[in-house]
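Beneath this line is the structure, given in structure tokens, with notes to follow.
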Amino acid sequence: MNRVIHAITPGDHYSPRTGSAIPTVVHGIAKAAAQDASQPSYQQFVLVARDTFRPRYDSATSIEFEDVAAPSRSARVIEAGLAVFGGHRTASARYWQPEVDVLANEEPAIVIAHNAPVLPWMLRSSPHRVVLYAHNDLVRTMTRYEASRAFDNVAAIVCVSESLAGQMSRRLPRSLVGRLRVVENGVDCEQFSPRGHVSTSAVRVMFVGRMIPEKGVDVLLQAAAVLSRDDVELVIVGSHGFDRDAELSPYEQELRELAKRSRVPVQFLPFVAREELPGLLQSADIVVVPSRWQEPSALTAGEALATGLPVIASRIGGIPSVIGTAGVLVQPDDPAALAREIERLADDPLARAELAAAARRRAREHDWSWTWSTLKTVLAEL
């Protein structure tokens, strides 16, 4: 049996208690791999710091290590500057060293380095085959020379969308562009499923995600300021990080001020653990993904599709490839366009029902078994 070891960010939690994207993706892939009866088979492991959250997902076998403190922002800025002149990213290397030490005691495997651009270079003398798995643009601060040196021994560079692959290809040396592969994220259609028919007095429009400017929640609240109707309500779910009890960030305080101008009711709910998310989405009628950054792949959009919900999302980054024709796309940072689409769907229950059916169909065609099948093809090339 082939061994696949997922290396996730040190200190990240392989647990349903967090909403972090990378553990969600690893869990989806590992669960689908365990259900795959075809050959060849791949046994799934995950490197996880010993003191991280429990319970852990049981989809992959945990290989524990002792975590160390993450490098400070200033240390990362300094090492990025030094890397331009040929230096190594020593602060990042110290952060990932415990995982490298653990891997030294593991029999040869395929190591999937999730958002870990320093790891391939650190494992250059190991017997492991390394696949760099990019959930974000990992080369935006790299020169071509540094990328060539850092990724010389990678077997493949997996990107979660064509959009992200295009971004990275512009900064990679030609010798590495040929190693780019696209493996799009899937969704768990068992965990996320449509609710039964529920008659409600108001159309519930929902946002779920981190409360950071890149996610564009302020755009949604500006759209709510031009909606004047008593049959729409807005529910905004999330926190700055993954601590529901943390103090409000300046951006979150700004959102509360914007909500005071809304002409429809607005409710704020803090971050919820993943086991609570399916039920929460089932209470919505429309989900909005108003991102303003080149989001490589919006997991929330896929989960809303699986729940059988109409999705209104920004036409940016990898979002259009997630929703396809099963949702509505608008230009980012355009509150007026967003308000028009919310109003249109609020006025047309039939259009909502048609989008809901299309959403569920698309999700079933793009579940985690679809993602695993694509990734398995990449691994077979190795």
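Each chain of the structure tokens is named A, B, ... in the order shown, its residues numbered from 1; ligands are numbered from 1 in display order.
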Rows by chain and residue number, region 37-135 of chain A within 12 Å of region 163-179 of chain A, shortest pair, only C-alpha atoms, as JSON lines:
{"residue": "A:Val131", "atom": "CA", "partner": "A:Arg179", "partner_atom": "CA", "distance": 9.8}
{"residue": "A:Leu132", "atom": "CA", "partner": "A:Arg179", "partner_atom": "CA", "distance": 10.1}
{"residue": "A:Tyr133", "atom": "CA", "partner": "A:Ala165", "partner_atom": "CA", "distance": 11.0}
{"residue": "A:Ala134", "atom": "CA", "partner": "A:Leu164", "partner_atom": "CA", "distance": 8.3}
{"residue": "A:His135", "atom": "CA", "partner": "A:Leu164", "partner_atom": "CA", "distance": 8.2}
Excluding region 371-375 of chain A and residues on its chain fewer than 2 positions from it, collect all residues at most 6 Å away from it, counting only C-alpha atoms, and give them as a CSV table (one decimal) with N, CA, C and O atoms, in the first residue's frame.
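Below you can see result-v6.csv, which holds the result:
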chain,number,residue,atom,x,y,z
A,29,ILE,N,-10.1,14.8,1.5
A,29,ILE,CA,-9.3,13.9,0.6
A,29,ILE,C,-9.1,12.6,1.3
A,29,ILE,O,-9.2,11.5,0.7
A,186,GLY,N,-13.4,19.8,-3.3
A,186,GLY,CA,-14.7,19.2,-3.3
A,186,GLY,C,-15.5,19.6,-2.2
A,186,GLY,O,-15.3,20.6,-1.5
A,368,TRP,N,-15.8,15.2,-2.6
A,368,TRP,CA,-14.4,14.9,-2.3
A,368,TRP,C,-13.9,13.6,-3.1
A,368,TRP,O,-12.7,13.5,-3.3
A,369,SER,N,-14.8,12.7,-3.5
A,369,SER,CA,-14.3,11.6,-4.3
A,369,SER,C,-13.9,12.0,-5.6
A,369,SER,O,-12.9,11.5,-6.2
A,377,THR,N,-4.8,10.6,-9.7
A,377,THR,CA,-4.1,10.6,-11.1
A,377,THR,C,-2.8,11.3,-11.0
A,377,THR,O,-1.8,10.9,-11.6
A,378,VAL,N,-2.7,12.4,-10.3
A,378,VAL,CA,-1.4,13.1,-10.1
A,378,VAL,C,-0.4,12.2,-9.4
A,378,VAL,O,0.8,12.1,-9.8
Fewer than 4 positions away in the same chain doesn't count, so skip those; otherwise give me all residues within 8 Å of region 278-293 of chain A, counting only C-alpha atoms, as a VMD selection string.
-> chain A and resid 191 to 195 203 to 207 214 to 217 219 to 220 274 300 to 301 304 307 309 to 314 316 to 317 332 to 333
Take the residues just selected and output them with N, CA, C and O atoms as a compact mmCIF listing (two decimals), in the first residue's frame.
# COMPACT_ATOMS: atom_id res chain seq x y z
N GLN A 191 -22.38 15.39 4.76
CA GLN A 191 -22.39 16.34 5.88
C GLN A 191 -23.27 17.55 5.57
O GLN A 191 -24.01 18.03 6.42
N PHE A 192 -23.19 18.03 4.32
CA PHE A 192 -23.98 19.18 3.90
C PHE A 192 -25.07 18.71 2.94
O PHE A 192 -24.79 18.17 1.87
N SER A 193 -26.32 18.91 3.33
CA SER A 193 -27.45 18.45 2.52
C SER A 193 -28.62 19.40 2.68
O SER A 193 -28.69 20.16 3.65
N PRO A 194 -29.55 19.40 1.73
CA PRO A 194 -30.68 20.34 1.80
C PRO A 194 -31.61 20.03 2.97
O PRO A 194 -31.75 18.89 3.40
N ARG A 195 -32.24 21.05 3.46
CA ARG A 195 -33.27 20.88 4.50
C ARG A 195 -34.58 20.51 3.84
O ARG A 195 -34.75 20.64 2.61
N VAL A 203 -36.86 36.11 3.81
CA VAL A 203 -35.80 35.44 3.06
C VAL A 203 -34.49 35.70 3.79
O VAL A 203 -34.06 36.86 3.93
N ARG A 204 -33.86 34.64 4.26
CA ARG A 204 -32.63 34.79 5.05
C ARG A 204 -31.42 34.73 4.13
O ARG A 204 -31.15 33.72 3.49
N VAL A 205 -30.69 35.84 4.08
CA VAL A 205 -29.46 35.96 3.30
C VAL A 205 -28.29 35.81 4.27
O VAL A 205 -28.21 36.53 5.27
N MET A 206 -27.37 34.87 3.98
CA MET A 206 -26.33 34.53 4.94
C MET A 206 -24.93 34.67 4.36
O MET A 206 -24.69 34.37 3.19
N PHE A 207 -24.01 35.14 5.17
CA PHE A 207 -22.57 35.09 4.90
C PHE A 207 -21.93 34.25 5.99
O PHE A 207 -22.24 34.40 7.17
N GLU A 214 -10.71 41.15 3.14
CA GLU A 214 -10.64 40.42 1.88
C GLU A 214 -11.94 39.69 1.56
O GLU A 214 -12.26 39.43 0.40
N LYS A 215 -12.69 39.31 2.59
CA LYS A 215 -13.93 38.56 2.37
C LYS A 215 -15.11 39.44 1.93
O LYS A 215 -16.15 38.92 1.53
N GLY A 216 -14.96 40.76 2.06
CA GLY A 216 -15.95 41.67 1.49
C GLY A 216 -17.28 41.76 2.22
O GLY A 216 -18.30 42.12 1.60
N VAL A 217 -17.29 41.49 3.53
CA VAL A 217 -18.56 41.57 4.26
C VAL A 217 -19.10 43.00 4.24
O VAL A 217 -20.32 43.22 4.22
N VAL A 219 -19.08 44.97 1.78
CA VAL A 219 -19.81 45.14 0.52
C VAL A 219 -21.25 44.65 0.69
O VAL A 219 -22.21 45.28 0.22
N LEU A 220 -21.41 43.53 1.37
CA LEU A 220 -22.75 42.99 1.62
C LEU A 220 -23.56 43.95 2.47
O LEU A 220 -24.76 44.17 2.21
N ARG A 274 -17.24 23.32 12.87
CA ARG A 274 -17.73 22.73 11.62
C ARG A 274 -18.94 21.84 11.82
O ARG A 274 -19.80 21.75 10.94
N THR A 300 -16.76 27.63 1.38
CA THR A 300 -18.12 27.94 1.81
C THR A 300 -19.10 27.91 0.65
O THR A 300 -20.25 27.48 0.80
N ALA A 301 -18.64 28.36 -0.53
CA ALA A 301 -19.52 28.33 -1.70
C ALA A 301 -19.90 26.91 -2.04
O ALA A 301 -21.08 26.61 -2.32
N ALA A 304 -22.39 25.59 0.50
CA ALA A 304 -23.73 26.14 0.26
C ALA A 304 -24.41 25.43 -0.91
O ALA A 304 -25.61 25.13 -0.86
N THR A 307 -25.75 22.20 0.20
CA THR A 307 -26.93 22.39 1.03
C THR A 307 -28.15 22.74 0.18
O THR A 307 -29.26 22.85 0.69
N LEU A 309 -28.50 25.55 -1.86
CA LEU A 309 -28.83 26.96 -1.69
C LEU A 309 -28.39 27.78 -2.90
O LEU A 309 -27.33 27.53 -3.47
N PRO A 310 -29.19 28.77 -3.30
CA PRO A 310 -28.72 29.72 -4.31
C PRO A 310 -27.52 30.48 -3.76
O PRO A 310 -27.52 30.89 -2.59
N VAL A 311 -26.49 30.65 -4.57
CA VAL A 311 -25.28 31.35 -4.15
C VAL A 311 -25.08 32.56 -5.05
O VAL A 311 -25.12 32.45 -6.28
N ILE A 312 -24.86 33.71 -4.43
CA ILE A 312 -24.46 34.92 -5.14
C ILE A 312 -23.01 35.18 -4.74
O ILE A 312 -22.71 35.32 -3.55
N ALA A 313 -22.11 35.23 -5.71
CA ALA A 313 -20.68 35.30 -5.39
C ALA A 313 -19.96 36.24 -6.33
O ALA A 313 -20.42 36.54 -7.44
N SER A 314 -18.79 36.70 -5.87
CA SER A 314 -17.96 37.58 -6.69
C SER A 314 -17.33 36.82 -7.85
O SER A 314 -16.88 35.69 -7.68
N ILE A 316 -14.42 36.43 -9.26
CA ILE A 316 -13.01 36.71 -9.01
C ILE A 316 -12.30 35.43 -8.59
O ILE A 316 -12.91 34.54 -7.98
N GLY A 317 -11.03 35.32 -8.95
CA GLY A 317 -10.23 34.17 -8.54
C GLY A 317 -10.83 32.85 -8.99
O GLY A 317 -11.32 32.71 -10.12
N PRO A 332 -16.88 42.03 -8.06
CA PRO A 332 -16.51 42.33 -6.67
C PRO A 332 -16.59 43.83 -6.40
O PRO A 332 -16.49 44.65 -7.32
N ASP A 333 -16.80 44.18 -5.14
CA ASP A 333 -16.84 45.58 -4.72
C ASP A 333 -17.93 46.38 -5.44
O ASP A 333 -17.74 47.56 -5.74
Name the residues of region 177-328 of chain A that come out as alpha helix (DSSP H) in a backbone DSSP run; write them as a PyMOL selection string.
-> chain A and resi 177+217-224+250-259+277-282+299-306+319-323
Kindly give the distance, in Å, that separates CA of Ala70 (chain A) and CA of Asp12 (chain A), rounded to a single decimal.
->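 Between CA of Ala70 (chain A) and CA of Asp12 (chain A) the gap works out to 11.1 Å.
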Selection: 10 Å around Ile110 (chain A), only C-alpha atoms, excl. self and same-chain fewer than 5 positions, as a ChimeraX atom specification | /A:2-6,42,44,127-131,155,379,382
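Non-sequential neighbours of Arg364 (chain A) (distance at most 9 Å, separation of 4 or more positions within a chain, only C-alpha atoms) are Val187, Asp188, Cys189, Ala306, Ala359 and Arg360 of chain A.
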Could you turn the residues from that selection into a file that holds N, CA and C atoms, as an mmCIF file, in the first residue's frame?
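Generated output (part32.cif):
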data_model
loop_
_atom_site.group_PDB
_atom_site.id
_atom_site.type_symbol
_atom_site.label_atom_id
_atom_site.label_comp_id
_atom_site.auth_asym_id
_atom_site.auth_seq_id
_atom_site.Cartn_x
_atom_site.Cartn_y
_atom_site.Cartn_z
ATOM 1 N N VAL A 187 -16.564 18.815 -1.884
ATOM 2 C CA VAL A 187 -17.463 19.116 -0.771
ATOM 3 C C VAL A 187 -18.041 17.802 -0.269
ATOM 4 N N ASP A 188 -18.367 17.768 0.996
ATOM 5 C CA ASP A 188 -18.959 16.584 1.619
ATOM 6 C C ASP A 188 -20.479 16.680 1.495
ATOM 7 N N CYS A 189 -21.038 15.926 0.555
ATOM 8 C CA CYS A 189 -22.482 15.996 0.284
ATOM 9 C C CYS A 189 -23.301 15.187 1.279
ATOM 10 N N ALA A 306 -23.902 22.327 -1.819
ATOM 11 C CA ALA A 306 -24.293 21.001 -1.335
ATOM 12 C C ALA A 306 -25.545 21.074 -0.476
ATOM 13 N N ALA A 359 -27.658 23.712 -7.793
ATOM 14 C CA ALA A 359 -26.565 23.748 -6.826
ATOM 15 C C ALA A 359 -26.275 22.351 -6.271
ATOM 16 N N ARG A 360 -27.320 21.665 -5.887
ATOM 17 C CA ARG A 360 -27.139 20.326 -5.323
ATOM 18 C C ARG A 360 -26.555 19.376 -6.372
#
Would you mind listing what lies within 8 Å of Ile236 (chain A) as a ChimeraX atom specification, with only C-alpha atoms counted and same-chain residues fewer than 2 positions away left out?
-> /A:206-208,234,238,266-269
Can you check which residues of region 81-291 of chain A DSSP gives as strand (DSSP E) on the backbone and send them as a ChimeraX atom specification?
-> /A:110-114,129-134,156-159,180-182,203-208,232-237,266-269,286-289
Save out the residues we just selected, N, CA and C atoms, as an mmCIF file, in the first residue's frame.
data_model
loop_
_atom_site.group_PDB
_atom_site.id
_atom_site.type_symbol
_atom_site.label_atom_id
_atom_site.label_comp_id
_atom_site.auth_asym_id
_atom_site.auth_seq_id
_atom_site.Cartn_x
_atom_site.Cartn_y
_atom_site.Cartn_z
ATOM 1 N N ILE A 110 4.910 9.506 -0.028
ATOM 2 C CA ILE A 110 4.621 10.743 -0.743
ATOM 3 C C ILE A 110 4.230 11.773 0.305
ATOM 4 N N VAL A 111 5.015 12.822 0.435
ATOM 5 C CA VAL A 111 4.726 13.885 1.391
ATOM 6 C C VAL A 111 4.030 15.017 0.645
ATOM 7 N N ILE A 112 2.811 15.326 1.069
ATOM 8 C CA ILE A 112 2.067 16.430 0.451
ATOM 9 C C ILE A 112 2.225 17.640 1.365
ATOM 10 N N ALA A 113 2.989 18.614 0.900
ATOM 11 C CA ALA A 113 3.319 19.800 1.682
ATOM 12 C C ALA A 113 2.273 20.880 1.419
ATOM 13 N N HIS A 114 1.327 21.024 2.339
ATOM 14 C CA HIS A 114 0.218 21.964 2.165
ATOM 15 C C HIS A 114 0.656 23.374 2.558
ATOM 16 N N ARG A 129 9.074 11.432 -1.694
ATOM 17 C CA ARG A 129 8.685 12.233 -2.854
ATOM 18 C C ARG A 129 7.791 13.353 -2.342
ATOM 19 N N VAL A 130 8.077 14.582 -2.758
ATOM 20 C CA VAL A 130 7.368 15.730 -2.212
ATOM 21 C C VAL A 130 6.463 16.360 -3.272
ATOM 22 N N VAL A 131 5.198 16.556 -2.895
ATOM 23 C CA VAL A 131 4.230 17.281 -3.717
ATOM 24 C C VAL A 131 3.883 18.561 -2.974
ATOM 25 N N LEU A 132 4.130 19.697 -3.600
ATOM 26 C CA LEU A 132 3.741 20.980 -3.010
ATOM 27 C C LEU A 132 2.272 21.234 -3.356
ATOM 28 N N TYR A 133 1.450 21.445 -2.333
ATOM 29 C CA TYR A 133 0.004 21.627 -2.524
ATOM 30 C C TYR A 133 -0.323 23.078 -2.184
ATOM 31 N N ALA A 134 -0.619 23.875 -3.204
ATOM 32 C CA ALA A 134 -0.828 25.308 -3.023
ATOM 33 C C ALA A 134 -2.306 25.628 -2.858
ATOM 34 N N ALA A 156 5.509 17.439 -8.093
ATOM 35 C CA ALA A 156 4.393 18.153 -8.711
ATOM 36 C C ALA A 156 4.032 19.335 -7.829
ATOM 37 N N ILE A 157 3.424 20.347 -8.446
ATOM 38 C CA ILE A 157 2.891 21.494 -7.709
ATOM 39 C C ILE A 157 1.397 21.524 -7.973
ATOM 40 N N VAL A 158 0.618 21.180 -6.972
ATOM 41 C CA VAL A 158 -0.835 21.102 -7.102
ATOM 42 C C VAL A 158 -1.447 22.440 -6.705
ATOM 43 N N CYS A 159 -2.331 22.963 -7.523
ATOM 44 C CA CYS A 159 -3.065 24.194 -7.234
ATOM 45 C C CYS A 159 -4.548 23.868 -7.133
ATOM 46 N N LEU A 180 3.013 21.992 -12.804
ATOM 47 C CA LEU A 180 1.749 22.450 -12.219
ATOM 48 C C LEU A 180 0.612 21.499 -12.570
ATOM 49 N N ARG A 181 -0.207 21.193 -11.578
ATOM 50 C CA ARG A 181 -1.407 20.391 -11.762
ATOM 51 C C ARG A 181 -2.552 21.073 -11.016
ATOM 52 N N VAL A 182 -3.762 20.927 -11.507
ATOM 53 C CA VAL A 182 -4.930 21.525 -10.849
ATOM 54 C C VAL A 182 -5.778 20.420 -10.238
ATOM 55 N N VAL A 203 -36.860 36.107 3.812
ATOM 56 C CA VAL A 203 -35.801 35.444 3.057
ATOM 57 C C VAL A 203 -34.487 35.701 3.789
ATOM 58 N N ARG A 204 -33.863 34.643 4.263
ATOM 59 C CA ARG A 204 -32.633 34.788 5.050
ATOM 60 C C ARG A 204 -31.419 34.735 4.132
ATOM 61 N N VAL A 205 -30.687 35.845 4.081
ATOM 62 C CA VAL A 205 -29.457 35.958 3.304
ATOM 63 C C VAL A 205 -28.288 35.810 4.273
ATOM 64 N N MET A 206 -27.372 34.874 3.976
ATOM 65 C CA MET A 206 -26.333 34.534 4.944
ATOM 66 C C MET A 206 -24.932 34.670 4.362
ATOM 67 N N PHE A 207 -24.007 35.139 5.175
ATOM 68 C CA PHE A 207 -22.568 35.088 4.901
ATOM 69 C C PHE A 207 -21.926 34.247 5.986
ATOM 70 N N VAL A 208 -20.996 33.367 5.588
ATOM 71 C CA VAL A 208 -20.230 32.574 6.552
ATOM 72 C C VAL A 208 -18.753 32.680 6.186
ATOM 73 N N VAL A 232 -36.798 40.437 3.975
ATOM 74 C CA VAL A 232 -35.406 39.986 3.854
ATOM 75 C C VAL A 232 -34.697 40.248 5.168
ATOM 76 N N GLU A 233 -33.886 39.276 5.602
ATOM 77 C CA GLU A 233 -33.038 39.471 6.777
ATOM 78 C C GLU A 233 -31.633 38.998 6.455
ATOM 79 N N LEU A 234 -30.646 39.579 7.123
ATOM 80 C CA LEU A 234 -29.243 39.288 6.859
ATOM 81 C C LEU A 234 -28.620 38.669 8.102
ATOM 82 N N VAL A 235 -27.947 37.524 7.921
ATOM 83 C CA VAL A 235 -27.243 36.863 9.017
ATOM 84 C C VAL A 235 -25.774 36.737 8.625
ATOM 85 N N ILE A 236 -24.896 37.297 9.444
ATOM 86 C CA ILE A 236 -23.453 37.291 9.178
ATOM 87 C C ILE A 236 -22.779 36.444 10.243
ATOM 88 N N VAL A 237 -22.130 35.374 9.795
ATOM 89 C CA VAL A 237 -21.563 34.389 10.720
ATOM 90 C C VAL A 237 -20.046 34.363 10.585
ATOM 91 N N VAL A 266 -30.199 42.936 10.542
ATOM 92 C CA VAL A 266 -28.889 42.288 10.461
ATOM 93 C C VAL A 266 -28.577 41.619 11.792
ATOM 94 N N GLN A 267 -28.188 40.345 11.725
ATOM 95 C CA GLN A 267 -27.797 39.604 12.923
ATOM 96 C C GLN A 267 -26.362 39.121 12.752
ATOM 97 N N PHE A 268 -25.524 39.353 13.759
ATOM 98 C CA PHE A 268 -24.149 38.866 13.758
ATOM 99 C C PHE A 268 -24.041 37.657 14.678
ATOM 100 N N LEU A 269 -23.440 36.593 14.172
ATOM 101 C CA LEU A 269 -23.162 35.408 14.981
ATOM 102 C C LEU A 269 -21.661 35.145 14.936
ATOM 103 N N ILE A 286 -30.459 32.089 0.940
ATOM 104 C CA ILE A 286 -29.463 32.535 -0.043
ATOM 105 C C ILE A 286 -28.136 32.685 0.695
ATOM 106 N N VAL A 287 -27.042 32.275 0.056
ATOM 107 C CA VAL A 287 -25.709 32.500 0.619
ATOM 108 C C VAL A 287 -24.952 33.453 -0.294
ATOM 109 N N VAL A 288 -24.264 34.414 0.321
ATOM 110 C CA VAL A 288 -23.501 35.407 -0.427
ATOM 111 C C VAL A 288 -22.016 35.243 -0.114
ATOM 112 N N VAL A 289 -21.208 35.237 -1.175
ATOM 113 C CA VAL A 289 -19.743 35.140 -1.045
ATOM 114 C C VAL A 289 -19.159 36.378 -1.746
#
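Nearest residue to Asp334 (chain A) among A:Asp58, A:Asp231, A:Glu107, A:Asp218 is A:Asp218, counting only C-alpha atoms.
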Write out as a compact mmCIF listing (two decimals) with N, CA and C atoms, in the first residue's frame each polymer residue whose atoms come within 10 Å of Pro10 (chain A), counting only C-alpha atoms; drop sequence neighbours fewer than 5 positions from it.
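See part_36.txt below for the written result:
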# COMPACT_ATOMS: atom_id res chain seq x y z
N LEU A 47 0.61 14.93 9.66
CA LEU A 47 1.49 15.44 10.70
C LEU A 47 0.74 16.51 11.48
N VAL A 48 0.66 16.34 12.79
CA VAL A 48 -0.13 17.26 13.60
C VAL A 48 0.56 17.47 14.95
N ALA A 49 0.62 18.70 15.40
CA ALA A 49 1.26 19.01 16.68
C ALA A 49 0.50 18.35 17.82
N THR A 52 -2.55 20.13 19.83
CA THR A 52 -3.65 20.75 19.09
C THR A 52 -4.99 20.13 19.48
N PHE A 65 4.07 15.58 16.60
CA PHE A 65 5.37 16.21 16.83
C PHE A 65 5.18 17.34 17.84
N GLU A 66 6.27 17.81 18.41
CA GLU A 66 6.22 18.92 19.34
C GLU A 66 6.33 20.23 18.57
N ASP A 67 5.36 21.09 18.74
CA ASP A 67 5.31 22.34 18.00
C ASP A 67 6.30 23.35 18.57
N VAL A 68 6.68 24.31 17.73
CA VAL A 68 7.49 25.45 18.17
C VAL A 68 6.76 26.73 17.80
N ALA A 69 7.21 27.84 18.36
CA ALA A 69 6.54 29.12 18.10
C ALA A 69 6.69 29.52 16.64
N ALA A 70 5.64 30.11 16.10
CA ALA A 70 5.67 30.57 14.71
C ALA A 70 6.55 31.81 14.61
N TYR A 95 10.52 26.83 11.94
CA TYR A 95 9.13 26.55 12.27
C TYR A 95 8.71 25.16 11.79
N TRP A 96 9.19 24.75 10.62
CA TRP A 96 8.82 23.45 10.05
C TRP A 96 9.78 22.33 10.45
N GLN A 97 10.86 22.65 11.14
CA GLN A 97 11.86 21.64 11.46
C GLN A 97 11.31 20.45 12.25
N PRO A 98 10.41 20.65 13.23
CA PRO A 98 9.87 19.48 13.95
C PRO A 98 9.19 18.47 13.02
N GLU A 99 8.52 18.93 11.98
CA GLU A 99 7.89 18.00 11.04
C GLU A 99 8.95 17.27 10.21
N ALA A 116 3.35 24.88 2.14
CA ALA A 116 4.65 24.80 2.82
C ALA A 116 5.77 24.92 1.80
To one decimal place, how far is CA of Arg149 (chain A) from CA of Val102 (chain A) in Å?
->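 Between these atoms lies a distance of 23.5 Å.
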So what do you get for CA of Gly302 (chain A) versus CA of Tyr14 (chain A), distance-wise?
-> 20.2 Å
Which of these residues is nearest to Val139 (chain A), using only C-alpha atoms: A:Ala83, A:Leu248, A:Ala224, A:Ala353?
->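 Residue with the minimum atom-to-atom distance to Val139 (chain A): A:Ala83.
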